[in-house]
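Asker: Structure provided below as C-alpha cells; questions to follow.
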Amino acid sequence: MNKIVFMIALFQAALLMILAPLATGLIKKTKALLQNRQGASVFQPYWDLLKNFRKEEVVSETTSWIFRAVPLICFSSILISCLLVPTISIPHTLKVTGDLIALVYLLALPRFFMALAGLDAGSAFGGMGSSREVMISSTAEPALILVLFTMAVTAGTTQAAEIIRIVLQKGWMAYGPGTALAFVSLFLITLAECGRLPIDNPATHLELTMIHEAMILEYSGKSLALIEWASMTKLLLFSTLLANIFFPWGIAQETSLISLGNALIFFILKIGLFCLLLAFIETSTAKLRLFRVPDFLGTAFVLALLALLSQTILKLGL
Amino acid sequence: MSDSKKYFIARICSLLKLPANSLSANENEISAFLPLHELPLIVKRLCQMEEARCVFIGATDDRKNSKSFGLQYLFSIDKESLLILLRSKVPDHSLKFPSIAVQVAAAAAFEQEIWEFFGITPEGHPNLKNLLLHEDWPSETFPLRKDFDPHQKIKRVEKKSSNFLQVTGEGVFEIPVGPVHAGIIEPGHFRFSVAGEPVIHLEIQLGFTHKGIEKLAEGKTVLEAAALAERISGDASFAHSMAFCQAVEKIAKVTVPKKAQVLRVIFSEMERLYNHLGDIAGIATDVGFSFGAAQMLRLRELILQKNDRFTGHRLLRGVNIPGGVLCDLTAEIKNELRSFLNLLLDQYAPVEHLYFETDSLMDRIEGTGIVLEKVVRDLTGVGPVARASNVKIDLRQDFPYADYPNLKFEVAFRKEGDVAARMLVKMAEFKEAVSIIFQALDHLTDEPLVVNIQSLPEGSALGWAESARGEIFHWLRIGRDGKVERLKIKSPSFSNWRILPWAVQGNIVPDFPLINKSFNLSYSGNDR
C-alpha cells in the first residue's frame, strides 16, 4: 500500500512536469488566435525544450560555479515543490516532505539563486533583471504567505492535502468572503511570480524592459532548457494551487483507477480554463510601468491581509 | 503680397545685403553668397531675430573649379514660408570654417558630418567627435571629397577609445545596448548612464548602416539617382524619391502635369497611412498590448497590399521618376481605392476607440518621454515629434508642393510632448491623410503622366517632401555633363535622433523602448 501511495505521489509530480510545456503552449496558442494569428502548435514548447537540450552550451568565461549550479538548483527545488501540491489525489502526497510554508521557501530558493546568476555574468541586462526581480518578489512573497495562511486558518492545518480535504468536507461552508479575497490575491501573485503580463512580458524582445528573461539572457543549451522547464512548471504549479485549493472538486479521495481517472480529467479541465483566462488577460492588458508594480502587489497584499483577518474572525466566532 | 510680408522680405534682403527685389511674389526661396567671416553674425541674427530654423548644412568639393570647398546653409522661416540658402566658400589651403554650433545647437551634427566627410574643420565646435564613421576609420580619409574612390577597400585602423560622455558618482551605472538588438530592428548603439532605473544621460552612436548613398549618387544620371533615392529609407521610399524628383524638375525648369502632381499626393499619403498605423501598432507592442497591435498591423497590411495592387510595389518604389509618375489610377481602381478607404476608416475607428478605452495602455503612454518645445526648437525637430510638442511645422502647409496647395487639411498638433501626444498626432494625421486622398481623387484629370526631360542644364536646386517622419530635403547639383555632381540628403531622422536623448532623460530604463518607438526613427535615413 505504501508503495502505491509513493508511486502515485511521484506520478502527481511527474504530471506537473510533463504537462507544464503543454499549458504554456496552450496559452501561447490562445493568445495567437486572439490576435488573429495562426500561432505555433500547442506542443511547440516541447520541441523547444528538446532543441535546447540538444544544443551546445556556451558559458561566459567570467562566471563562477554559481552560474552552472543555478539551473540545477532551480529545477530541483521546483521538482520538490511539485511533490507538495496535490494535483489529482489527496491521500497520496508525501506528508513528510513539508507543507505550504516549505513551499513558499522552496519557491524563494530558486529566485534567490537566479538573481545571483543574473549578476554573475556581469552583463548589464542580468543585473537589471536581478534587481527588478528582487524588488518584485520582496513584495510578492509576504502576500503569498498571507494567502496560504488564510486557507490554513480555514482548515486548521498548513498541509495542502488536508486543506483540500477539509474544504471538500465542508462544501460551501468552507467558503467565506475571505476565500474570494484570497483567490483574487493569489491570482495577482501568480501573474507577478510567473512573470506574466501586466508585470513582465514573456514574449518581449526588448532587453531593457525584461525582468525574468533578462536574468537568463546568458544561458543556453541544457541550462536554458532546465530553467525554462522549471519556470513553465512553476506557472502550472501556481495554477494548480489556485485550482485545487479554491476549487478542489473532482480531486480523488481514495485509491481507485476510476476516481484517479476522473480527477485527472477534472484537473486538466480546470488548468485548461485557467490557461484560457490567463491568455485572455495577457491579450487585453498592457504591461504596467515598472514602478507601478509595487502598487499592484500592494493590492494583492492588502487583499490577502483582509482575507486572513476575515477568516480568522469567522473562525474564532468573534 | 501683403505689406507686412513685403517689409519682412526687405528686412531679410538687407540683412543678407541683397537687392530688395530679389524675391518674386510666388517664390519661397532666397539665396545669398556670404564670405566666411560674416556667416556667424548673420546666422545669429537670422536665428535669434527672425526665428529662422537651421534645416541643414551641406558642403561640396569644388577644388577642381575654384580651389575651394563650398558650404550651403539652409534656413527656414516657417511662419513666413521662406527658405534661405546661404552659400560660402572655404579655400582649400585653410580648410577651416567658423562653427555656428554654439549659437545654433542644431548645426552641431551637420558640422560634425562635414568635418568627417570633407575634412574641413568647424572652428569652435563644442563637441567635435565621430558621428557616422566610427573610431576605426582611418584619419585623412574623407569619403565625400572628389578624389575619394568609393569602390576601394578601406583599411580599418586600430580602434581609438570611444569618447562617450562618462557620468560618475555613487551608484551610477552604464548600460550599453546594441548595436545588435534582440528584435528585428536596425543597428544602433545606446549607452545609458543610470542611477537605479532613472536615466541620467543617454548617448547614441549611429552610423552602422552608412551606405554612402550621397557618394554613390555622384556621377549617376538622374534616373539612376532617383532609384537610389528610393532606397535611402525603406518606409519613406516615395517621399525621398519625391524630394529628389522635384529638385531635378526645378533644375530642368519643367512643370509636372497636374495629374502626376495629384497622383504624387495620393501615393505619399498612402505611404503616410501605412507608416502611421505601423507606428501606432509599435507603441502597443512595446507595452505588451498585443491585441491592439495585432489589429493595427492587420490594417497596415491591407494598405500595403493595396499599394502592391495599384503600383506593383508594396513600398511604392518605381512609381516616381523625374518628370512625373509611371503609374496611373484607372477609373476602376479609383473606385476601388475609394471603397477601400471607406472600409479602412470603418475598421480603424473601433481600434482607435479600443486604444483609448484600454486604461493600462493610456497609463503607460501619458506623461512618458516628454519633449519640451524648447528642445524641439533648439534642435530643429521635425515631423510628428515636433508637432506633438507644439511646434506646428509641416512642409505640406508651409511650403506646399505637388497638388497640396489645392487641398484642404488641418495640421494636427498637440502641446503635451509625451508619447501619448505623438500617438495622437499620428492618429489625427492618419484620418487627415484619408481625407486628403479623397479630395485628391476628385482632382484627377485626363492628362499625360510624365513630361519628358530632354537635357539637364548645369545648376542646383532644392527639393522637399513631408514624409511620415517629417520633412525631407534634397539639395541637388547637376554638373556640366548632366549628371549628379552632389546630392545632399537631409532626412527627418537626422534631426530627431538628437532629440531622443532629451526625451529619455529622467524617465526609467524600461520606458526607453516605448519612447524610442513613439519617435520611430529611421537608422538608415540618418546614416545614409
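Here's how to read the names in the C-alpha cells: chain A, B, ... by the order shown, residue numbers from 1 in each chain, ligand numbers from 1 in the order shown.
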Which chain A residues are at most 8 Å from chain B (counting only C-alpha atoms), as a PDB file with N, CA and C atoms, in the first residue's frame?
Answerer:
ATOM      1  N   LEU A  34      -6.307  34.859 -30.481  1.00  0.00           N
ATOM      2  CA  LEU A  34      -6.981  36.111 -30.114  1.00  0.00           C
ATOM      3  C   LEU A  34      -6.431  37.298 -30.899  1.00  0.00           C
ATOM      4  N   GLN A  35      -5.211  37.149 -31.399  1.00  0.00           N
ATOM      5  CA  GLN A  35      -4.607  38.249 -32.183  1.00  0.00           C
ATOM      6  C   GLN A  35      -4.765  38.035 -33.680  1.00  0.00           C
ATOM      7  N   ASN A  36      -5.656  37.151 -34.081  1.00  0.00           N
ATOM      8  CA  ASN A  36      -5.853  36.829 -35.498  1.00  0.00           C
ATOM      9  C   ASN A  36      -4.648  36.144 -36.117  1.00  0.00           C
ATOM     10  N   ALA A 124      25.089  43.917 -18.226  1.00  0.00           N
ATOM     11  CA  ALA A 124      24.216  44.954 -17.681  1.00  0.00           C
ATOM     12  C   ALA A 124      22.782  44.465 -17.564  1.00  0.00           C
ATOM     13  N   PHE A 125      22.353  43.657 -18.536  1.00  0.00           N
ATOM     14  CA  PHE A 125      20.953  43.227 -18.535  1.00  0.00           C
ATOM     15  C   PHE A 125      20.656  42.304 -17.366  1.00  0.00           C
ATOM     16  N   LEU A 197       2.136  39.068 -17.980  1.00  0.00           N
ATOM     17  CA  LEU A 197       1.576  40.411 -18.074  1.00  0.00           C
ATOM     18  C   LEU A 197       0.539  40.589 -16.964  1.00  0.00           C
ATOM     19  N   PRO A 198       0.345  41.737 -16.419  1.00  0.00           N
ATOM     20  CA  PRO A 198       0.955  43.027 -16.735  1.00  0.00           C
ATOM     21  C   PRO A 198       2.246  43.328 -15.988  1.00  0.00           C
ATOM     22  N   ASN A 201       6.582  40.866 -19.502  1.00  0.00           N
ATOM     23  CA  ASN A 201       6.070  40.359 -20.774  1.00  0.00           C
ATOM     24  C   ASN A 201       6.934  39.188 -21.235  1.00  0.00           C
ATOM     25  N   THR A 204       8.428  39.433 -24.930  1.00  0.00           N
ATOM     26  CA  THR A 204       9.080  40.638 -25.456  1.00  0.00           C
ATOM     27  C   THR A 204      10.486  40.346 -25.970  1.00  0.00           C
ATOM     28  N   HIS A 205      10.916  41.156 -26.906  1.00  0.00           N
ATOM     29  CA  HIS A 205      12.289  41.075 -27.378  1.00  0.00           C
ATOM     30  C   HIS A 205      13.085  42.259 -26.866  1.00  0.00           C
ATOM     31  N   LEU A 206      12.463  43.136 -26.076  1.00  0.00           N
ATOM     32  CA  LEU A 206      13.126  44.373 -25.661  1.00  0.00           C
ATOM     33  C   LEU A 206      13.910  44.140 -24.378  1.00  0.00           C
ATOM     34  N   GLU A 207      15.242  44.069 -24.524  1.00  0.00           N
ATOM     35  CA  GLU A 207      16.091  43.724 -23.383  1.00  0.00           C
ATOM     36  C   GLU A 207      15.853  44.659 -22.204  1.00  0.00           C
ATOM     37  N   LEU A 208      15.585  45.930 -22.518  1.00  0.00           N
ATOM     38  CA  LEU A 208      15.539  46.924 -21.452  1.00  0.00           C
ATOM     39  C   LEU A 208      14.305  46.795 -20.580  1.00  0.00           C
ATOM     40  N   THR A 209      13.281  46.117 -21.067  1.00  0.00           N
ATOM     41  CA  THR A 209      12.065  46.018 -20.273  1.00  0.00           C
ATOM     42  C   THR A 209      11.937  44.665 -19.578  1.00  0.00           C
ATOM     43  N   MET A 210      12.855  43.755 -19.872  1.00  0.00           N
ATOM     44  CA  MET A 210      12.716  42.391 -19.354  1.00  0.00           C
ATOM     45  C   MET A 210      12.961  42.318 -17.858  1.00  0.00           C
ATOM     46  N   GLU A 282      -3.731  38.427 -20.752  1.00  0.00           N
ATOM     47  CA  GLU A 282      -2.472  38.877 -21.363  1.00  0.00           C
ATOM     48  C   GLU A 282      -2.709  39.570 -22.693  1.00  0.00           C
ATOM     49  N   THR A 283      -3.786  39.204 -23.380  1.00  0.00           N
ATOM     50  CA  THR A 283      -4.048  39.825 -24.666  1.00  0.00           C
ATOM     51  C   THR A 283      -4.657  41.204 -24.499  1.00  0.00           C
ATOM     52  N   SER A 284      -5.405  41.394 -23.429  1.00  0.00           N
ATOM     53  CA  SER A 284      -6.195  42.622 -23.351  1.00  0.00           C
ATOM     54  C   SER A 284      -5.595  43.688 -22.452  1.00  0.00           C
ATOM     55  N   THR A 285      -4.464  43.416 -21.807  1.00  0.00           N
ATOM     56  CA  THR A 285      -3.886  44.492 -20.999  1.00  0.00           C
ATOM     57  C   THR A 285      -2.486  44.822 -21.491  1.00  0.00           C
ATOM     58  N   ALA A 286      -2.078  46.028 -21.164  1.00  0.00           N
ATOM     59  CA  ALA A 286      -0.701  46.426 -21.437  1.00  0.00           C
ATOM     60  C   ALA A 286       0.111  46.208 -20.172  1.00  0.00           C
ATOM     61  N   LYS A 287       1.424  46.190 -20.353  1.00  0.00           N
ATOM     62  CA  LYS A 287       2.297  45.984 -19.217  1.00  0.00           C
ATOM     63  C   LYS A 287       2.309  47.225 -18.326  1.00  0.00           C
ATOM     64  N   LEU A 288       2.412  46.999 -17.019  1.00  0.00           N
ATOM     65  CA  LEU A 288       2.476  48.122 -16.086  1.00  0.00           C
ATOM     66  C   LEU A 288       3.832  48.801 -16.164  1.00  0.00           C
ATOM     67  N   ARG A 289       3.838  50.088 -15.866  1.00  0.00           N
ATOM     68  CA  ARG A 289       5.111  50.773 -15.696  1.00  0.00           C
ATOM     69  C   ARG A 289       5.807  50.150 -14.483  1.00  0.00           C
ATOM     70  N   LEU A 290       7.115  49.985 -14.575  1.00  0.00           N
ATOM     71  CA  LEU A 290       7.830  49.214 -13.547  1.00  0.00           C
ATOM     72  C   LEU A 290       7.512  49.689 -12.132  1.00  0.00           C
TER      73      LEU A 290
END
Asker: Quick check for you: according to DSSP on this backbone, which residues of stretch 27-103 of chain A are classed as alpha helix (DSSP H)? Reply as a ChimeraX atom specification.
Answerer: /A:27-34,44-54,65-84,100-103
Asker: Restricting the calculation to only C-alpha atoms: of A:Ile88, A:Ala214, A:Ala9, A:Val58, which residue gets closest to A:Ile258?
Answerer: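 The closest residue to A:Ile258 is A:Ile88.
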Asker: Report the distance between atom CA of A:Ala263 and atom CA of A:Leu242 in Å, rounded to one decimal place.
Answerer: 15.7 Å
Asker: When you draw a straight line from atom CA of B:Leu131 to atom CA of B:Glu186, how long is it in Å?
Answerer: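 Taking atom CA of B:Leu131 and atom CA of B:Glu186, their separation equals 16.8 Å.
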Asker: Measuring between only C-alpha atoms, which one of B:Leu456, B:Leu15, B:Leu85, B:Cys245 shows the shortest distance to B:Gly482?
Answerer: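 Result for the nearest residue to B:Gly482: B:Leu456.
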Asker: Quick one, how far is atom CA of B:Asn307 from atom CA of B:Phe438?
Answerer: 15.8 Å
Asker: Could you name the residues that touch stretch 422-432 of chain B at 6 Å or less, counting only C-alpha atoms, but leaving out those on the same chain fewer than 3 positions away, as an MDAnalysis selection string?
Answerer: chainID B and resid 273 276 388 412:413 419 435
Asker: Residues near stretch 66-82 of chain A, anyone? I mean within 7 Å using only C-alpha atoms, not counting same-chain ones fewer than 4 positions away, as a count of residues only.
Answerer: 16
Asker: Name all residues at most 7 Å from B:Leu407 (count only C-alpha atoms; drop same-chain ones fewer than 2 positions away) and give them as a PDB file with N, CA, C and O atoms, in the first residue's frame.
Answerer:
ATOM      1  N   TYR B 404      -0.633  69.893 -53.177  1.00  0.00           N
ATOM      2  CA  TYR B 404      -1.061  70.264 -51.830  1.00  0.00           C
ATOM      3  C   TYR B 404      -1.679  71.658 -51.731  1.00  0.00           C
ATOM      4  O   TYR B 404      -2.566  71.858 -50.903  1.00  0.00           O
ATOM      5  N   PRO B 405      -1.243  72.634 -52.561  1.00  0.00           N
ATOM      6  CA  PRO B 405      -1.877  73.956 -52.418  1.00  0.00           C
ATOM      7  C   PRO B 405      -3.387  73.908 -52.659  1.00  0.00           C
ATOM      8  O   PRO B 405      -4.122  74.752 -52.162  1.00  0.00           O
ATOM      9  N   PHE B 409      -6.647  70.759 -45.588  1.00  0.00           N
ATOM     10  CA  PHE B 409      -6.374  69.837 -44.478  1.00  0.00           C
ATOM     11  C   PHE B 409      -5.843  70.616 -43.294  1.00  0.00           C
ATOM     12  O   PHE B 409      -5.323  71.728 -43.425  1.00  0.00           O
ATOM     13  N   ILE B 436      -7.389  63.645 -47.364  1.00  0.00           N
ATOM     14  CA  ILE B 436      -6.604  64.235 -48.455  1.00  0.00           C
ATOM     15  C   ILE B 436      -6.708  63.366 -49.714  1.00  0.00           C
ATOM     16  O   ILE B 436      -6.903  63.868 -50.821  1.00  0.00           O
ATOM     17  N   GLN B 439     -10.033  63.875 -51.395  1.00  0.00           N
ATOM     18  CA  GLN B 439     -10.071  65.131 -52.163  1.00  0.00           C
ATOM     19  C   GLN B 439      -9.255  65.009 -53.436  1.00  0.00           C
ATOM     20  O   GLN B 439      -9.684  65.430 -54.511  1.00  0.00           O
TER      21      GLN B 439
END
Asker: Write down as a list in words the residues belonging to stretch 247-379 of chain B that are assigned strand (DSSP E or B) by DSSP computed on the backbone.
Answerer: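 Taking stretch 247-379 of chain B and keeping strand (DSSP E or B) gives Asn320, Ile321, Gly324 and Val325 of chain B.
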Asker: Okay, now the selection with N, CA and C atoms, as a PDB file, in the first residue's frame?
Answerer:
ATOM      1  N   ASN B 320       7.688  56.925 -58.894  1.00  0.00           N
ATOM      2  CA  ASN B 320       8.104  58.295 -59.195  1.00  0.00           C
ATOM      3  C   ASN B 320       9.299  58.301 -60.130  1.00  0.00           C
ATOM      4  N   ILE B 321       9.292  59.167 -61.150  1.00  0.00           N
ATOM      5  CA  ILE B 321      10.532  59.441 -61.864  1.00  0.00           C
ATOM      6  C   ILE B 321      10.598  60.948 -62.097  1.00  0.00           C
ATOM      7  N   GLY B 324       7.497  63.123 -63.568  1.00  0.00           N
ATOM      8  CA  GLY B 324       6.133  62.675 -63.307  1.00  0.00           C
ATOM      9  C   GLY B 324       6.085  61.340 -62.622  1.00  0.00           C
ATOM     10  N   VAL B 325       4.987  60.633 -62.830  1.00  0.00           N
ATOM     11  CA  VAL B 325       4.870  59.302 -62.237  1.00  0.00           C
ATOM     12  C   VAL B 325       4.614  58.295 -63.353  1.00  0.00           C
TER      13      VAL B 325
END
Asker: Which neighbours of stretch 133-142 of chain B fall inside 8 Å, counting only C-alpha atoms, when residues of the same chain fewer than 3 positions from it are skipped, and could you give them as a count of residues only?
Answerer: 18
Asker: Tell me, as a list in words, which residues lie within 12 Å of A:Arg54, counting only C-alpha atoms; anything in the same chain fewer than 4 positions away does not count.
Answerer: Trp47, Asp48, Leu49, Leu50, Ser220, Gly221, Lys222, Ser223, Leu224, Ala225 and Leu226 of chain A
